[in-house]
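Data from entry09.txt: compact mmCIF, C-alpha atoms
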```txt
# COMPACT_ATOMS: atom_id res chain seq x y z
CA MET X 1 180.85 48.41 84.48
CA ASN X 2 180.22 50.16 87.80
CA THR X 3 182.80 49.95 90.59
CA ILE X 4 182.32 49.23 94.27
CA ARG X 5 185.52 50.15 96.11
CA VAL X 6 186.37 48.44 99.40
CA VAL X 7 188.19 50.90 101.67
CA ARG X 8 189.43 50.67 105.25
CA GLY X 9 190.81 52.83 108.01
CA THR X 10 191.70 52.92 111.68
CA ALA X 11 192.36 55.87 113.97
CA THR X 12 192.40 57.05 117.57
CA GLY X 13 191.01 60.20 119.13
CA PRO X 14 189.93 61.80 122.39
CA THR X 15 186.23 61.01 121.74
CA GLU X 16 184.34 58.22 120.04
CA MET X 17 183.15 60.49 117.21
CA SER X 18 186.59 62.01 116.63
CA SER X 19 188.17 58.57 116.28
CA TYR X 20 185.39 57.49 113.89
CA ASP X 21 185.81 60.64 111.78
CA ALA X 22 189.57 60.08 111.68
CA ALA X 23 189.10 56.43 110.61
CA LEU X 24 186.85 57.65 107.78
CA ALA X 25 189.59 60.14 106.86
CA ALA X 26 192.13 57.31 106.74
CA ALA X 27 189.82 55.63 104.18
CA ASN X 28 189.30 59.03 102.42
CA VAL X 29 185.49 59.04 102.75
CA HIS X 30 185.19 61.55 105.61
CA ASN X 31 183.84 64.40 103.47
CA TYR X 32 180.69 62.60 102.29
CA ASN X 33 177.27 61.90 103.76
CA LEU X 34 177.41 58.12 104.00
CA VAL X 35 174.12 56.39 103.22
CA PRO X 36 173.87 52.76 104.33
CA VAL X 37 172.61 50.21 101.83
CA SER X 38 171.96 46.51 102.29
CA SER X 39 174.53 43.98 101.28
CA VAL X 40 173.58 42.93 97.74
CA ILE X 41 176.08 43.59 94.97
CA PRO X 42 174.36 44.57 91.69
CA ALA X 43 175.04 42.32 88.70
CA ASP X 44 176.73 45.13 86.75
CA ALA X 45 179.30 45.94 89.48
CA GLU X 46 182.97 45.15 89.91
CA VAL X 47 184.35 44.98 93.48
CA ASP X 48 187.79 46.57 93.82
CA PRO X 49 189.61 46.44 97.20
CA VAL X 50 191.54 49.72 96.94
CA GLY X 51 192.26 50.39 100.64
CA THR X 52 191.87 54.17 100.32
CA ALA X 53 189.19 55.80 98.20
CA PRO X 54 190.13 58.11 95.33
CA ASP X 55 188.33 61.45 94.93
CA LEU X 56 184.68 60.46 94.56
CA GLY X 57 183.16 63.91 94.04
CA PRO X 58 182.44 67.15 95.88
CA ALA X 59 182.34 67.29 99.68
CA GLY X 60 178.92 67.05 101.28
CA GLU X 61 177.38 64.78 98.69
CA ARG X 62 175.71 61.42 99.39
CA LEU X 63 177.72 58.21 99.04
CA PRO X 64 176.06 54.77 99.33
CA VAL X 65 178.05 52.30 101.47
CA VAL X 66 177.92 48.93 103.16
CA ALA X 67 179.75 49.68 106.40
CA ALA X 68 181.45 47.61 109.06
CA ARG X 69 182.49 49.87 111.94
CA THR X 70 183.31 49.85 115.61
CA SER X 71 184.64 52.30 118.18
CA VAL X 72 186.28 51.14 121.40
CA ALA X 73 187.29 52.98 124.56
CA GLY X 74 190.76 51.76 125.52
CA PRO X 75 192.15 49.49 126.63
CA GLY X 76 191.00 46.99 124.04
CA ARG X 77 190.98 46.39 120.29
CA ALA X 78 188.77 47.68 117.49
CA SER X 79 188.24 45.41 114.47
CA ALA X 80 185.91 45.65 111.47
CA GLY X 81 185.61 43.52 108.36
CA LEU X 82 183.74 42.83 105.14
CA ALA X 83 183.57 39.65 103.11
CA TRP X 84 182.11 39.40 99.62
CA ALA X 85 181.53 37.07 96.72
CA VAL X 86 179.96 37.50 93.31
CA SER X 87 177.95 34.87 91.51
CA GLU X 88 178.28 33.41 88.05
CA GLU X 89 174.80 34.82 87.45
CA GLY X 90 176.07 38.36 88.11
CA PRO X 91 174.88 39.64 91.50
CA GLY X 92 176.83 39.14 94.68
CA LEU X 93 176.74 39.62 98.42
CA PHE X 94 178.59 41.50 101.17
CA TYR X 95 178.63 40.54 104.83
CA GLU X 96 179.96 42.82 107.58
CA ALA X 97 181.02 42.36 111.21
CA ALA X 98 182.83 44.43 113.82
CA GLY X 99 183.62 44.51 117.51
CA GLU X 100 186.12 44.51 120.34
CA THR X 101 187.90 41.44 119.07
CA GLY X 102 190.88 40.36 117.01
CA ALA X 103 191.24 40.32 113.24
CA GLU X 104 190.98 36.53 113.04
CA ASP X 105 187.64 36.49 114.87
CA VAL X 106 186.19 39.19 112.62
CA ARG X 107 187.48 37.40 109.50
CA ASP X 108 185.90 34.14 110.64
CA ARG X 109 182.59 35.89 111.43
CA VAL X 110 182.32 37.67 108.06
CA LEU X 111 183.18 34.53 106.13
CA GLU X 112 180.68 32.45 108.14
CA GLY X 113 177.98 35.08 107.66
CA LEU X 114 178.70 35.30 103.95
CA SER X 115 178.45 31.53 103.63
CA THR X 116 175.08 31.57 105.38
CA GLY X 117 173.85 34.37 103.09
CA GLN X 118 175.00 32.43 100.04
CA GLU X 119 172.94 29.43 101.15
CA LEU X 120 169.81 31.64 101.05
CA ARG X 121 170.31 32.39 97.38
CA ASN X 122 170.06 30.15 94.36
CA TRP X 123 173.29 31.47 92.83
CA SER X 124 176.65 29.83 92.06
CA PHE X 125 179.24 31.96 93.89
CA ASP X 126 182.89 32.49 93.05
CA GLU X 127 185.53 32.36 95.78
CA ALA X 128 185.01 34.75 98.71
CA SER X 129 187.26 37.74 99.42
CA HIS X 130 187.59 39.75 102.62
CA GLU X 131 189.18 42.85 104.18
CA VAL X 132 189.74 43.46 107.90
CA ALA X 133 190.94 46.59 109.71
CA THR X 134 192.14 46.30 113.30
CA GLU X 135 193.90 48.56 115.81
CA PRO X 136 194.64 48.38 119.55
CA ALA X 137 192.87 50.92 121.77
CA GLU X 138 195.19 52.47 124.35
CA PRO X 139 193.89 53.50 127.80
CA GLY X 140 192.39 56.98 127.82
CA THR X 141 191.66 57.07 124.08
CA TYR X 142 189.03 55.87 121.65
CA THR X 143 189.94 53.75 118.63
CA SER X 144 187.76 53.15 115.58
CA ALA X 145 188.05 50.67 112.73
CA VAL X 146 186.04 50.85 109.50
CA VAL X 147 185.79 48.80 106.34
CA LEU X 148 183.34 50.11 103.76
CA ALA X 149 182.10 49.02 100.36
CA VAL X 150 181.63 52.33 98.53
CA TYR X 151 179.15 52.22 95.64
CA GLY X 152 180.25 54.37 92.69
CA GLU X 153 180.77 58.10 93.11
CA SER X 154 179.01 60.70 95.22
CA GLU X 155 175.72 62.34 94.17
CA SER X 156 174.12 65.62 95.18
CA LEU X 157 171.69 65.55 98.08
CA PHE X 158 169.53 68.08 96.22
```

Translate the structure described by the file into structure tokens.
Amino acid sequence: MNTIRVVRGTATGPTEMSSYDAALAAANVHNYNLVPVSSVIPADAEVDPVGTAPDLGPAGERLPVVAARTSVAGPGRASAGLAWAVSEEGPGLFYEAAGETGAEDVRDRVLEGLSTGQELRNWSFDEASHEVATEPAEPGTYTSAVVLAVYGESESLF
């Protein structure tokens, strides 16, 4: 069975990009070229919320992800989240949301979005799961929050 790891991270920095890069480092996916994919979970995949990614291959390789991310200039709050559910038939669905809001709002939005996506499919879903990352943004800094569903291991770009 193939594994999709759900990872998360938050960080601050002097610029928007530096805080985003540091949040990716907190999730241990900062050394890969992240390639966004849509939110369908293949039937042969297991979703594992690990928090921090293990070594997924050499630096610079491509890594498919479903990404929830936000960067906020302080003062404020950065929150990102993913919700997911798999079906009895095999495939499943992710839903992502992020913004300058609290963890509860992001959780509610990803679960509501997931529910709406489930209604579009003729599958019988198991119970939903979710992960949220949130961090306050102090004045004069940028704060980023990321939650990513990382598909498998990295692959060469060439």

Quiz item: Contacts of segment 8-14 of chain X at 12 Å or less, counting all atoms listed in the file, minus same-chain residues fewer than 4 places along, as a PyMOL selection string?
Solution: chain X and resi 18-30+49-53+66-75+77-82+130-150

Based on the selection just made, write C-alpha atoms of those residues as a compact mmCIF listing (two decimals), in the coordinates of the input.
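Heads up, here's the output in again.txt:
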```
# COMPACT_ATOMS: atom_id res chain seq x y z
CA SER X 18 186.59 62.01 116.63
CA SER X 19 188.17 58.57 116.28
CA TYR X 20 185.39 57.49 113.89
CA ASP X 21 185.81 60.64 111.78
CA ALA X 22 189.57 60.08 111.68
CA ALA X 23 189.10 56.43 110.61
CA LEU X 24 186.85 57.65 107.78
CA ALA X 25 189.59 60.14 106.86
CA ALA X 26 192.13 57.31 106.74
CA ALA X 27 189.82 55.63 104.18
CA ASN X 28 189.30 59.03 102.42
CA VAL X 29 185.49 59.04 102.75
CA HIS X 30 185.19 61.55 105.61
CA PRO X 49 189.61 46.44 97.20
CA VAL X 50 191.54 49.72 96.94
CA GLY X 51 192.26 50.39 100.64
CA THR X 52 191.87 54.17 100.32
CA ALA X 53 189.19 55.80 98.20
CA VAL X 66 177.92 48.93 103.16
CA ALA X 67 179.75 49.68 106.40
CA ALA X 68 181.45 47.61 109.06
CA ARG X 69 182.49 49.87 111.94
CA THR X 70 183.31 49.85 115.61
CA SER X 71 184.64 52.30 118.18
CA VAL X 72 186.28 51.14 121.40
CA ALA X 73 187.29 52.98 124.56
CA GLY X 74 190.76 51.76 125.52
CA PRO X 75 192.15 49.49 126.63
CA ARG X 77 190.98 46.39 120.29
CA ALA X 78 188.77 47.68 117.49
CA SER X 79 188.24 45.41 114.47
CA ALA X 80 185.91 45.65 111.47
CA GLY X 81 185.61 43.52 108.36
CA LEU X 82 183.74 42.83 105.14
CA HIS X 130 187.59 39.75 102.62
CA GLU X 131 189.18 42.85 104.18
CA VAL X 132 189.74 43.46 107.90
CA ALA X 133 190.94 46.59 109.71
CA THR X 134 192.14 46.30 113.30
CA GLU X 135 193.90 48.56 115.81
CA PRO X 136 194.64 48.38 119.55
CA ALA X 137 192.87 50.92 121.77
CA GLU X 138 195.19 52.47 124.35
CA PRO X 139 193.89 53.50 127.80
CA GLY X 140 192.39 56.98 127.82
CA THR X 141 191.66 57.07 124.08
CA TYR X 142 189.03 55.87 121.65
CA THR X 143 189.94 53.75 118.63
CA SER X 144 187.76 53.15 115.58
CA ALA X 145 188.05 50.67 112.73
CA VAL X 146 186.04 50.85 109.50
CA VAL X 147 185.79 48.80 106.34
CA LEU X 148 183.34 50.11 103.76
CA ALA X 149 182.10 49.02 100.36
CA VAL X 150 181.63 52.33 98.53
```

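Minimum atom-to-atom distance to Phe125 of chain X, evaluated using all atoms listed in the file, belongs to X:Ala85 out of X:Ile4, X:Ala97, X:Val35, X:Ala85.
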
Practice problem: Rounded to one decimal place, report the atom CA of Asp126 of chain X-atom CA of Leu114 of chain X distance in Å. | Solution: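 According to the coordinates, atom CA of Asp126 of chain X and atom CA of Leu114 of chain X are separated by 12.0 Å.
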
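Our summary of the geometry notes that atom CA of Arg121 of chain X is positioned 25.0 Å from atom CA of Asp105 of chain X.
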
Self-check item: Between atom CA of Glu61 of chain X and atom CA of Gly152 of chain X, distance in Å (one decimal)
Solution: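 Calculated distance between atom CA of Glu61 of chain X and atom CA of Gly152 of chain X is 12.4 Å.
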
Taking all listed atoms of segment 74-81 of chain X, build the axis-aligned box, pad each of the six sides by 4 Å, then write its centre and edge lengths in Å to one decimal as AutoDock Vina command-line options.
```
--center_x 188.9 --center_y 47.6 --center_z 117.5 --size_x 14.5 --size_y 16.2 --size_z 26.3
```

Quiz item: Which of these, X:Leu34, X:Ala103, X:Met17, X:Leu111, has the shortest distance to Leu63 of chain X once you count only C-alpha atoms?
Solution: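 The answer is X:Leu34, which sits nearest to Leu63 of chain X.
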
Quiz item: X:Val110, X:Glu16, X:Arg62, X:Asn31: which is nearest Ser154 of chain X, counting all atoms listed in the file?
Solution: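 Between X:Val110, X:Glu16, X:Arg62, X:Asn31, the residue approaching Ser154 of chain X most closely is X:Arg62.
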